[in-house]
$ cat entry10.pdb   # PDB, C-alpha atoms
ATOM      1  CA  MET A 163       4.668  15.560  -3.443
ATOM      2  CA  LEU A 164       7.700  13.726  -2.128
ATOM      3  CA  ALA A 165       8.898  14.832   1.278
ATOM      4  CA  SER A 166      12.266  16.570   1.266
ATOM      5  CA  TRP A 167      14.749  16.184   4.085
ATOM      6  CA  GLN A 168      15.275  18.880   6.681
ATOM      7  CA  SER A 169      18.088  18.573   9.191
ATOM      8  CA  PRO A 170      17.033  16.753  12.391
ATOM      9  CA  PRO A 171      18.486  17.071  15.860
ATOM     10  CA  PRO A 172      21.725  15.103  16.224
ATOM     11  CA  ALA A 173      21.106  11.373  16.570
ATOM     12  CA  GLN A 174      22.028   9.741  19.854
ATOM     13  CA  GLU A 175      25.143   7.656  19.357
ATOM     14  CA  ALA A 176      25.234   4.091  20.611
ATOM     15  CA  THR A 177      27.303   3.700  23.759
ATOM     16  CA  ALA A 178      29.685   1.045  24.978
ATOM     17  CA  THR A 179      26.699  -0.597  26.663
ATOM     18  CA  ASN A 180      25.346  -1.497  23.210
ATOM     19  CA  PRO A 181      28.341  -2.962  21.361
ATOM     20  CA  THR A 182      28.107  -4.671  17.982
ATOM     21  CA  PHE A 183      28.810  -8.398  17.946
ATOM     22  CA  TYR A 184      30.157 -10.194  14.877
ATOM     23  CA  ARG A 185      28.781 -13.706  14.773
ATOM     24  CA  THR A 186      28.218 -16.744  12.591
ATOM     25  CA  ILE A 187      25.490 -19.367  12.608
ATOM     26  CA  GLN A 188      24.991 -22.549  10.613
ATOM     27  CA  VAL A 189      21.998 -22.491   8.254
ATOM     28  CA  ASP A 190      21.445 -25.297   5.743
ATOM     29  CA  GLY A 191      25.076 -26.330   6.117
ATOM     30  CA  LEU A 192      26.351 -22.800   5.431
ATOM     31  CA  SER A 193      28.168 -20.461   7.766
ATOM     32  CA  ILE A 194      26.138 -17.246   7.756
ATOM     33  CA  PHE A 195      27.883 -14.205   9.188
ATOM     34  CA  TYR A 196      25.852 -11.484  10.863
ATOM     35  CA  ARG A 197      26.176  -8.327  12.884
ATOM     36  CA  GLU A 198      24.008  -7.961  15.980
ATOM     37  CA  ALA A 199      23.549  -5.160  18.504
ATOM     38  CA  GLY A 200      21.009  -3.739  20.895
ATOM     39  CA  PRO A 201      18.691  -5.188  23.535
ATOM     40  CA  LYS A 202      17.165  -8.488  22.429
ATOM     41  CA  ASP A 203      13.831  -7.566  24.001
ATOM     42  CA  ALA A 204      13.643  -4.347  21.955
ATOM     43  CA  PRO A 205      11.872  -4.051  18.565
ATOM     44  CA  THR A 206      13.923  -5.959  16.010
ATOM     45  CA  LEU A 207      15.230  -4.638  12.710
ATOM     46  CA  VAL A 208      16.490  -7.219  10.197
ATOM     47  CA  LEU A 209      18.697  -5.305   7.766
ATOM     48  CA  LEU A 210      19.169  -6.697   4.244
ATOM     49  CA  HIS A 211      22.082  -5.334   2.231
ATOM     50  CA  GLY A 212      22.621  -4.553  -1.443
ATOM     51  CA  ILE A 213      25.225  -5.333  -4.097
ATOM     52  CA  PRO A 214      28.218  -5.604  -3.959
ATOM     53  CA  THR A 215      28.407  -4.796  -0.270
ATOM     54  CA  SER A 216      27.509  -6.744   2.856
ATOM     55  CA  SER A 217      26.100  -6.137   6.326
ATOM     56  CA  ARG A 218      29.051  -3.769   6.685
ATOM     57  CA  MET A 219      26.977  -1.076   4.959
ATOM     58  CA  PHE A 220      24.774  -0.854   8.059
ATOM     59  CA  GLU A 221      27.558  -0.023  10.522
ATOM     60  CA  PRO A 222      26.463   3.656  10.596
ATOM     61  CA  LEU A 223      22.975   2.605  11.743
ATOM     62  CA  PHE A 224      24.363   0.222  14.350
ATOM     63  CA  ALA A 225      26.265   3.160  15.839
ATOM     64  CA  ARG A 226      23.092   5.259  15.986
ATOM     65  CA  LEU A 227      20.214   2.882  16.750
ATOM     66  CA  ALA A 228      21.530   0.126  19.028
ATOM     67  CA  ASP A 229      20.447   2.019  22.155
ATOM     68  CA  ARG A 230      16.776   1.494  21.293
ATOM     69  CA  TYR A 231      16.492  -1.366  18.804
ATOM     70  CA  HIS A 232      17.663  -4.936  18.338
ATOM     71  CA  LEU A 233      19.624  -4.860  15.060
ATOM     72  CA  VAL A 234      20.449  -7.995  13.064
ATOM     73  CA  ALA A 235      22.231  -7.746   9.696
ATOM     74  CA  PRO A 236      23.296 -10.931   7.867
ATOM     75  CA  ASP A 237      25.636 -11.352   4.912
ATOM     76  CA  TYR A 238      24.009 -13.306   2.085
ATOM     77  CA  PRO A 239      25.666 -16.508   0.874
ATOM     78  CA  GLY A 240      28.335 -15.413  -1.602
ATOM     79  CA  PHE A 241      28.798 -12.022   0.101
ATOM     80  CA  GLY A 242      30.920 -10.608   2.872
ATOM     81  CA  HIS A 243      31.989 -13.088   5.531
ATOM     82  CA  SER A 244      29.325 -15.724   4.880
ATOM     83  CA  ASP A 245      30.256 -18.874   2.968
ATOM     84  CA  TRP A 246      30.716 -18.579  -0.790
ATOM     85  CA  PRO A 247      29.648 -22.011  -2.074
ATOM     86  CA  ASP A 248      30.614 -22.957  -5.616
ATOM     87  CA  PRO A 249      27.844 -21.869  -8.022
ATOM     88  CA  LYS A 250      28.112 -25.285  -9.696
ATOM     89  CA  ARG A 251      26.730 -26.766  -6.477
ATOM     90  CA  PHE A 252      24.684 -23.887  -5.066
ATOM     91  CA  ALA A 253      21.848 -21.992  -6.763
ATOM     92  CA  TYR A 254      22.490 -18.264  -6.481
ATOM     93  CA  THR A 255      18.896 -17.149  -6.858
ATOM     94  CA  PHE A 256      16.799 -14.687  -4.903
ATOM     95  CA  ASP A 257      14.349 -17.454  -4.036
ATOM     96  CA  HIS A 258      17.162 -19.510  -2.511
ATOM     97  CA  ILE A 259      18.693 -16.620  -0.578
ATOM     98  CA  ALA A 260      15.274 -15.641   0.811
ATOM     99  CA  GLU A 261      14.669 -19.233   1.930
ATOM    100  CA  ILE A 262      18.016 -19.308   3.716
ATOM    101  CA  LEU A 263      17.397 -15.971   5.400
ATOM    102  CA  ASN A 264      13.955 -17.054   6.565
ATOM    103  CA  ARG A 265      15.633 -20.048   8.187
ATOM    104  CA  PHE A 266      18.321 -17.704   9.534
ATOM    105  CA  THR A 267      15.671 -15.670  11.367
ATOM    106  CA  GLU A 268      14.148 -18.890  12.697
ATOM    107  CA  ALA A 269      17.543 -20.078  13.924
ATOM    108  CA  LEU A 270      17.914 -16.814  15.865
ATOM    109  CA  GLY A 271      14.400 -17.109  17.273
ATOM    110  CA  LEU A 272      13.147 -13.949  15.565
ATOM    111  CA  SER A 273       9.361 -14.183  15.306
ATOM    112  CA  ARG A 274       8.450 -10.523  14.648
ATOM    113  CA  TYR A 275      10.591  -7.871  13.012
ATOM    114  CA  THR A 276      10.778  -4.890  10.707
ATOM    115  CA  LEU A 277      12.607  -5.523   7.438
ATOM    116  CA  TYR A 278      15.049  -2.831   6.302
ATOM    117  CA  MET A 279      15.601  -3.567   2.593
ATOM    118  CA  HIS A 280      18.315  -1.936   0.513
ATOM    119  CA  ASP A 281      18.786  -2.719  -3.217
ATOM    120  CA  TYR A 282      19.069  -6.552  -3.409
ATOM    121  CA  GLY A 283      17.472  -6.538   0.029
ATOM    122  CA  GLY A 284      14.208  -5.603  -1.684
ATOM    123  CA  PRO A 285      13.769  -8.813  -3.691
ATOM    124  CA  VAL A 286      15.068 -10.872  -0.765
ATOM    125  CA  GLY A 287      12.833  -9.100   1.739
ATOM    126  CA  PHE A 288       9.632  -9.146  -0.303
ATOM    127  CA  ARG A 289      10.036 -12.890  -0.745
ATOM    128  CA  MET A 290      10.517 -13.258   3.001
ATOM    129  CA  ALA A 291       7.448 -11.126   3.687
ATOM    130  CA  LEU A 292       5.182 -12.979   1.271
ATOM    131  CA  ALA A 293       6.322 -16.346   2.643
ATOM    132  CA  HIS A 294       5.726 -15.329   6.283
ATOM    133  CA  PRO A 295       3.592 -12.178   6.456
ATOM    134  CA  ASP A 296       2.801 -12.856  10.112
ATOM    135  CA  ARG A 297       6.421 -12.098  10.998
ATOM    136  CA  ILE A 298       6.488  -8.633   9.450
ATOM    137  CA  GLU A 299       5.820  -5.626  11.663
ATOM    138  CA  ALA A 300       6.793  -3.024   9.053
ATOM    139  CA  LEU A 301       8.895  -2.440   5.941
ATOM    140  CA  ILE A 302      11.650   0.100   5.401
ATOM    141  CA  VAL A 303      12.494   0.386   1.702
ATOM    142  CA  HIS A 304      15.819   2.079   0.952
ATOM    143  CA  ASP A 305      16.558   2.422  -2.768
ATOM    144  CA  ALA A 306      15.014  -0.944  -3.644
ATOM    145  CA  VAL A 307      12.673  -1.458  -6.596
ATOM    146  CA  ALA A 308       9.303  -3.216  -6.773
ATOM    147  CA  HIS A 309       7.918  -1.648  -9.977
ATOM    148  CA  ASN A 310       9.122  -2.148 -13.532
ATOM    149  CA  GLU A 311       9.227   1.588 -14.199
ATOM    150  CA  GLY A 312      11.805   1.895 -11.426
ATOM    151  CA  LEU A 313      14.346   0.310 -13.795
ATOM    152  CA  GLY A 314      15.332   3.016 -16.253
ATOM    153  CA  ALA A 315      17.440   3.318 -19.391
ATOM    154  CA  ASN A 316      20.518   1.923 -17.624
ATOM    155  CA  TRP A 317      18.778  -1.434 -17.546
ATOM    156  CA  LYS A 318      18.476  -1.877 -21.327
ATOM    157  CA  ALA A 319      21.737  -3.835 -21.594
ATOM    158  CA  ARG A 320      20.858  -5.769 -18.455
ATOM    159  CA  ARG A 321      17.518  -6.801 -19.911
ATOM    160  CA  ALA A 322      19.386  -7.976 -23.012
ATOM    161  CA  PHE A 323      21.500 -10.178 -20.714
ATOM    162  CA  TRP A 324      18.352 -11.709 -19.243
ATOM    163  CA  ALA A 325      16.979 -12.378 -22.733
ATOM    164  CA  ASP A 326      20.193 -14.015 -24.037
ATOM    165  CA  ARG A 327      22.756 -14.758 -21.357
ATOM    166  CA  ALA A 328      25.333 -16.430 -23.594
ATOM    167  CA  ALA A 329      25.472 -13.535 -26.055
ATOM    168  CA  ASN A 330      25.617 -10.800 -23.420
ATOM    169  CA  GLU A 331      27.427 -12.229 -20.403
ATOM    170  CA  SER A 332      30.860 -10.878 -21.276
ATOM    171  CA  ALA A 333      29.571  -7.320 -21.673
ATOM    172  CA  LEU A 334      27.469  -7.629 -18.530
ATOM    173  CA  ARG A 335      30.435  -8.729 -16.434
ATOM    174  CA  THR A 336      32.629  -5.973 -17.835
ATOM    175  CA  ASN A 337      30.070  -3.416 -16.689
ATOM    176  CA  LEU A 338      28.685  -4.937 -13.494
ATOM    177  CA  LEU A 339      32.057  -5.820 -11.983
ATOM    178  CA  SER A 340      34.069  -2.776 -13.087
ATOM    179  CA  LEU A 341      35.640  -0.192 -10.808
ATOM    180  CA  ALA A 342      33.781   2.609 -12.621
ATOM    181  CA  THR A 343      30.383   1.001 -12.040
ATOM    182  CA  THR A 344      31.270   0.158  -8.443
ATOM    183  CA  ARG A 345      32.113   3.823  -7.840
ATOM    184  CA  THR A 346      29.013   5.072  -9.662
ATOM    185  CA  ARG A 347      26.767   2.971  -7.420
ATOM    186  CA  HIS A 348      27.902   5.174  -4.547
ATOM    187  CA  VAL A 349      28.443   8.598  -6.073
ATOM    188  CA  GLY A 350      25.750   8.556  -8.758
ATOM    189  CA  ASP A 351      25.387  12.078 -10.075
ATOM    190  CA  ASP A 352      26.008  13.793  -6.739
ATOM    191  CA  PRO A 353      28.001  16.974  -7.523
ATOM    192  CA  ASN A 354      29.596  16.863  -4.059
ATOM    193  CA  VAL A 355      31.909  13.907  -4.616
ATOM    194  CA  GLU A 356      34.137  15.052  -1.755
ATOM    195  CA  ARG A 357      31.542  13.672   0.652
ATOM    196  CA  TYR A 358      32.344  10.062  -0.323
ATOM    197  CA  ASP A 359      35.080   7.922   1.158
ATOM    198  CA  PRO A 360      36.751   6.171  -1.827
ATOM    199  CA  ASP A 361      37.426   3.145   0.360
ATOM    200  CA  LEU A 362      33.735   2.364  -0.075
ATOM    201  CA  TRP A 363      34.141   1.349  -3.712
ATOM    202  CA  THR A 364      37.770   0.257  -3.731
ATOM    203  CA  ASP A 365      36.978  -2.274  -0.992
ATOM    204  CA  GLU A 366      33.950  -3.512  -2.942
ATOM    205  CA  PHE A 367      35.962  -3.720  -6.152
ATOM    206  CA  ALA A 368      38.560  -5.834  -4.355
ATOM    207  CA  PHE A 369      35.743  -8.096  -3.160
ATOM    208  CA  LEU A 370      34.368  -8.456  -6.698
ATOM    209  CA  ASN A 371      37.791  -9.559  -7.914
ATOM    210  CA  GLN A 372      38.036 -12.472  -5.492
ATOM    211  CA  PRO A 373      38.064 -15.965  -7.060
ATOM    212  CA  GLY A 374      34.578 -17.127  -7.903
ATOM    213  CA  GLN A 375      32.877 -13.767  -7.489
ATOM    214  CA  ALA A 376      32.371 -13.150 -11.225
ATOM    215  CA  GLU A 377      30.398 -16.393 -11.500
ATOM    216  CA  ILE A 378      28.450 -15.818  -8.278
ATOM    217  CA  GLN A 379      27.434 -12.269  -9.152
ATOM    218  CA  SER A 380      26.612 -13.135 -12.765
ATOM    219  CA  ASP A 381      24.356 -15.993 -11.667
ATOM    220  CA  LEU A 382      22.521 -13.837  -9.155
ATOM    221  CA  PHE A 383      22.162 -10.929 -11.543
ATOM    222  CA  TYR A 384      20.800 -13.252 -14.226
ATOM    223  CA  ASP A 385      18.169 -14.303 -11.711
ATOM    224  CA  TYR A 386      17.191 -10.638 -11.216
ATOM    225  CA  ARG A 387      14.779 -11.129 -14.115
ATOM    226  CA  THR A 388      12.601 -13.162 -11.736
ATOM    227  CA  ASN A 389      12.214 -10.078  -9.564
ATOM    228  CA  VAL A 390      10.692  -8.156 -12.460
ATOM    229  CA  GLU A 391       8.313 -11.051 -13.060
ATOM    230  CA  ALA A 392       7.375 -10.987  -9.366
ATOM    231  CA  TYR A 393       6.732  -7.236  -9.119
ATOM    232  CA  PRO A 394       2.953  -7.579  -9.734
ATOM    233  CA  ARG A 395       2.687 -10.095  -6.867
ATOM    234  CA  TRP A 396       4.601  -7.831  -4.495
ATOM    235  CA  GLN A 397       2.449  -4.856  -5.482
ATOM    236  CA  ALA A 398      -0.761  -6.857  -4.973
ATOM    237  CA  TRP A 399       0.463  -7.952  -1.542
ATOM    238  CA  MET A 400       1.227  -4.352  -0.547
ATOM    239  CA  ARG A 401      -2.161  -3.161  -1.772
ATOM    240  CA  GLU A 402      -3.908  -5.926   0.150
ATOM    241  CA  LYS A 403      -1.902  -5.820   3.399
ATOM    242  CA  GLN A 404      -1.176  -2.071   3.553
ATOM    243  CA  PRO A 405       1.938  -2.624   5.651
ATOM    244  CA  GLN A 406       3.449   0.133   7.733
ATOM    245  CA  MET A 407       6.071   1.452   5.314
ATOM    246  CA  LEU A 408       8.920   3.950   5.283
ATOM    247  CA  VAL A 409      10.521   4.689   1.892
ATOM    248  CA  ILE A 410      13.958   6.338   1.874
ATOM    249  CA  TRP A 411      15.519   7.374  -1.434
ATOM    250  CA  GLY A 412      18.685   9.092  -2.582
ATOM    251  CA  LYS A 413      18.017  11.682  -5.250
ATOM    252  CA  TYR A 414      21.451  11.102  -6.833
ATOM    253  CA  ASP A 415      20.865   7.362  -7.315
ATOM    254  CA  LYS A 416      21.672   6.365 -10.919
ATOM    255  CA  SER A 417      20.789   2.711 -10.390
ATOM    256  CA  PHE A 418      17.032   3.300 -10.182
ATOM    257  CA  GLU A 419      14.490   5.909 -11.235
ATOM    258  CA  LEU A 420      13.418   8.741  -8.953
ATOM    259  CA  THR A 421       9.773   7.917  -9.766
ATOM    260  CA  GLU A 422      10.000   4.712  -7.729
ATOM    261  CA  PRO A 423       9.329   6.179  -4.263
ATOM    262  CA  GLU A 424       5.999   7.578  -5.405
ATOM    263  CA  ALA A 425       5.118   4.206  -6.971
ATOM    264  CA  TYR A 426       5.230   2.704  -3.493
ATOM    265  CA  ARG A 427       2.789   5.333  -2.284
ATOM    266  CA  ARG A 428       0.363   4.294  -5.021
ATOM    267  CA  ASP A 429       0.332   0.839  -3.458
ATOM    268  CA  VAL A 430       0.444   2.015   0.162
ATOM    269  CA  PRO A 431      -1.095   5.508   0.320
ATOM    270  CA  LYS A 432      -0.091   5.990   3.954
ATOM    271  CA  ALA A 433       3.568   5.162   3.250
ATOM    272  CA  GLU A 434       6.021   7.698   4.636
ATOM    273  CA  VAL A 435       8.288   8.787   1.756
ATOM    274  CA  HIS A 436      11.513  10.802   2.014
ATOM    275  CA  VAL A 437      13.938  11.749  -0.774
ATOM    276  CA  LEU A 438      17.330  12.687   0.634
ATOM    277  CA  ASP A 439      20.335  14.644  -0.577
ATOM    278  CA  ALA A 440      22.189  11.354  -1.019
ATOM    279  CA  GLY A 441      23.109   8.640  -3.468
ATOM    280  CA  HIS A 442      22.115   4.982  -3.837
ATOM    281  CA  PHE A 443      23.875   4.128  -0.562
ATOM    282  CA  GLY A 444      22.353   6.893   1.519
ATOM    283  CA  LEU A 445      24.235   5.799   4.625
ATOM    284  CA  ASP A 446      27.438   6.968   2.920
ATOM    285  CA  THR A 447      26.567  10.604   3.485
ATOM    286  CA  ALA A 448      23.282  10.869   5.418
ATOM    287  CA  PRO A 449      23.475   8.421   8.346
ATOM    288  CA  ASP A 450      22.130  10.880  10.915
ATOM    289  CA  GLN A 451      19.111  11.735   8.793
ATOM    290  CA  ILE A 452      18.314   8.104   8.064
ATOM    291  CA  ALA A 453      18.706   7.079  11.693
ATOM    292  CA  GLN A 454      16.357   9.860  12.749
ATOM    293  CA  LEU A 455      13.799   8.825  10.148
ATOM    294  CA  VAL A 456      13.939   5.231  11.378
ATOM    295  CA  ARG A 457      13.504   6.364  14.993
ATOM    296  CA  GLY A 458      10.476   8.471  14.089
ATOM    297  CA  PHE A 459       8.940   5.687  12.016
ATOM    298  CA  MET A 460       9.495   2.967  14.620
ATOM    299  CA  LYS A 461       7.842   4.887  17.477
TER     300      LYS A 461
END
$ encode --input "entry10.pdb" --output "structure tokens"
Amino acid sequence: MLASWQSPPPAQEATATNPTFYRTIQVDGLSIFYREAGPKDAPTLVLLHGIPTSSRMFEPLFARLADRYHLVAPDYPGFGHSDWPDPKRFAYTFDHIAEILNRFTEALGLSRYTLYMHDYGGPVGFRMALAHPDRIEALIVHDAVAHNEGLGANWKARRAFWADRAANESALRTNLLSLATTRTRHVGDDPNVERYDPDLWTDEFAFLNQPGQAEIQSDLFYDYRTNVEAYPRWQAWMREKQPQMLVIWGKYDKSFELTEPEAYRRDVPKAEVHVLDAGHFGLDTAPDQIAQLVRGFMK
């Protein structure tokens, strides 16, 4: 059975002694923006964001965890405040982004850390983990897929795009980059829509409409097919390594199937699994619960 959420004690808020810093660093000739907070000698969490957001999505955790943990959250190339190189000269693939982020952690001197992987953070993070398993203390999986069955009926048109990009790119862009889809990523089928700040998706929609974003996001989403091909390797690695794992899932998520959390437990029987009263971006509405789960897991 999947664990259901029960209200925890209030999370301790970060104080002025643990401010968030907004920094950039050069990696492979790119300016990579990142948020950083917490004591540098504390256990490190590297937080990997989803689409179409940025490290901004983790601000609620920075406010709740910086008293005890060293938090580092980068923006991927093509996202947020990092550089957006022209896709004609830069390969927007998950392999490439994972390589850059591995070098990002090296540039910051991070030798051991827990990966917190949301959505696109899953395929980036699993690549990072398989390339350097010695660096990984634990994995936190937050609505990120590593099993084919986790991609449901909504992915039929997306699979058609992978099979024939030229014939399906226009339809894919119309869906992937639309305001309706951007909103649905957050709200899903949650009946309590009043819980969601509409700035979440209107800001992301404005980002998606910036020059060059349609090409960047289409290229990266076309490469998503390589994640599906890699799922068996990630599953084999989990079964072999049995990493410490926390799986957090929003039951109103329409992007992925609700069977996916239990699929992780097939690979890692001791995984801690929690399904929350939340959507795909659980930090929208359940930041206290998620922060408390992370604290309990990281003890």
$ residues_around --input "entry10.pdb" --residues "Asp305 (chain A)" --least-positions-apart "4" --cutoff "10 Å" --atoms "only C-alpha atoms" --output "PyMOL selection string"
chain A and resi 212+279-284+312+409-413+415+417-420+422-423+437+441-444
$ write_last_selection --input "entry10.pdb" --atoms "C-alpha atoms" --output "short mmCIF file (atom, residue, chain, number, x, y, z; two decimals), in the coordinates of the input"
data_model
loop_
_atom_site.label_atom_id
_atom_site.label_comp_id
_atom_site.auth_asym_id
_atom_site.auth_seq_id
_atom_site.Cartn_x
_atom_site.Cartn_y
_atom_site.Cartn_z
CA GLY A 212 22.62 -4.55 -1.44
CA MET A 279 15.60 -3.57 2.59
CA HIS A 280 18.32 -1.94 0.51
CA ASP A 281 18.79 -2.72 -3.22
CA TYR A 282 19.07 -6.55 -3.41
CA GLY A 283 17.47 -6.54 0.03
CA GLY A 284 14.21 -5.60 -1.68
CA GLY A 312 11.80 1.90 -11.43
CA VAL A 409 10.52 4.69 1.89
CA ILE A 410 13.96 6.34 1.87
CA TRP A 411 15.52 7.37 -1.43
CA GLY A 412 18.68 9.09 -2.58
CA LYS A 413 18.02 11.68 -5.25
CA ASP A 415 20.86 7.36 -7.32
CA SER A 417 20.79 2.71 -10.39
CA PHE A 418 17.03 3.30 -10.18
CA GLU A 419 14.49 5.91 -11.24
CA LEU A 420 13.42 8.74 -8.95
CA GLU A 422 10.00 4.71 -7.73
CA PRO A 423 9.33 6.18 -4.26
CA VAL A 437 13.94 11.75 -0.77
CA GLY A 441 23.11 8.64 -3.47
CA HIS A 442 22.12 4.98 -3.84
CA PHE A 443 23.88 4.13 -0.56
CA GLY A 444 22.35 6.89 1.52
#
$ resolve_selection --input "entry10.pdb" --expression "the PyMOL selection byres ((chain A and resi 185) around 7)" --output "list in words"
Phe183, Tyr184, Thr186, Ile187, Phe195, Tyr196 and Arg197 of chain A
$ write_last_selection --input "entry10.pdb" --atoms "C-alpha atoms" --output "JSON list (two decimals), in the coordinates of the input"
[["chain", "number", "residue", "atom", "x", "y", "z"],
["A", 183, "PHE", "CA", 28.81, -8.40, 17.95],
["A", 184, "TYR", "CA", 30.16, -10.19, 14.88],
["A", 186, "THR", "CA", 28.22, -16.74, 12.59],
["A", 187, "ILE", "CA", 25.49, -19.37, 12.61],
["A", 195, "PHE", "CA", 27.88, -14.20, 9.19],
["A", 196, "TYR", "CA", 25.85, -11.48, 10.86],
["A", 197, "ARG", "CA", 26.18, -8.33, 12.88]]
$ closest_residue --input "entry10.pdb" --among "A:Ser244, A:Ser332, A:Thr364, A:Thr267" --to "Thr346 (chain A)" --atoms "all atoms listed in the file"
A:Thr364
$ axis_aligned_box --input "entry10.pdb" --around "region 366-385 of chain A" --padding-each-side "4 Å" --output "JSON"
{"center_x": 28.4, "center_y": -10.3, "center_z": -8.6, "size_x": 28.4, "size_y": 21.6, "size_z": 19.3}
$ closest_residue --input "entry10.pdb" --among "A:Ala398, A:Val430, A:Met290, A:Ala199" --to "Ala228 (chain A)" --atoms "only C-alpha atoms"
A:Ala199
$ resolve_selection --input "entry10.pdb" --expression "the PyMOL selection byres ((chain A and resi 457) around 12)" --output "list in words"
Pro170, Pro171, Ala173, Gln174, Pro205, Leu207, Leu223, Arg226, Leu227, Ala228, Asp229, Arg230, Tyr231, Ile302, Leu408, Asp450, Gln451, Ile452, Ala453, Gln454, Leu455, Val456, Gly458, Phe459, Met460 and Lys461 of chain A
$ residues_around --input "entry10.pdb" --residues "Thr388 (chain A)" --least-positions-apart "6" --cutoff "10 Å" --atoms "only C-alpha atoms" --output "ChimeraX atom specification"
/A:255-257,285,324
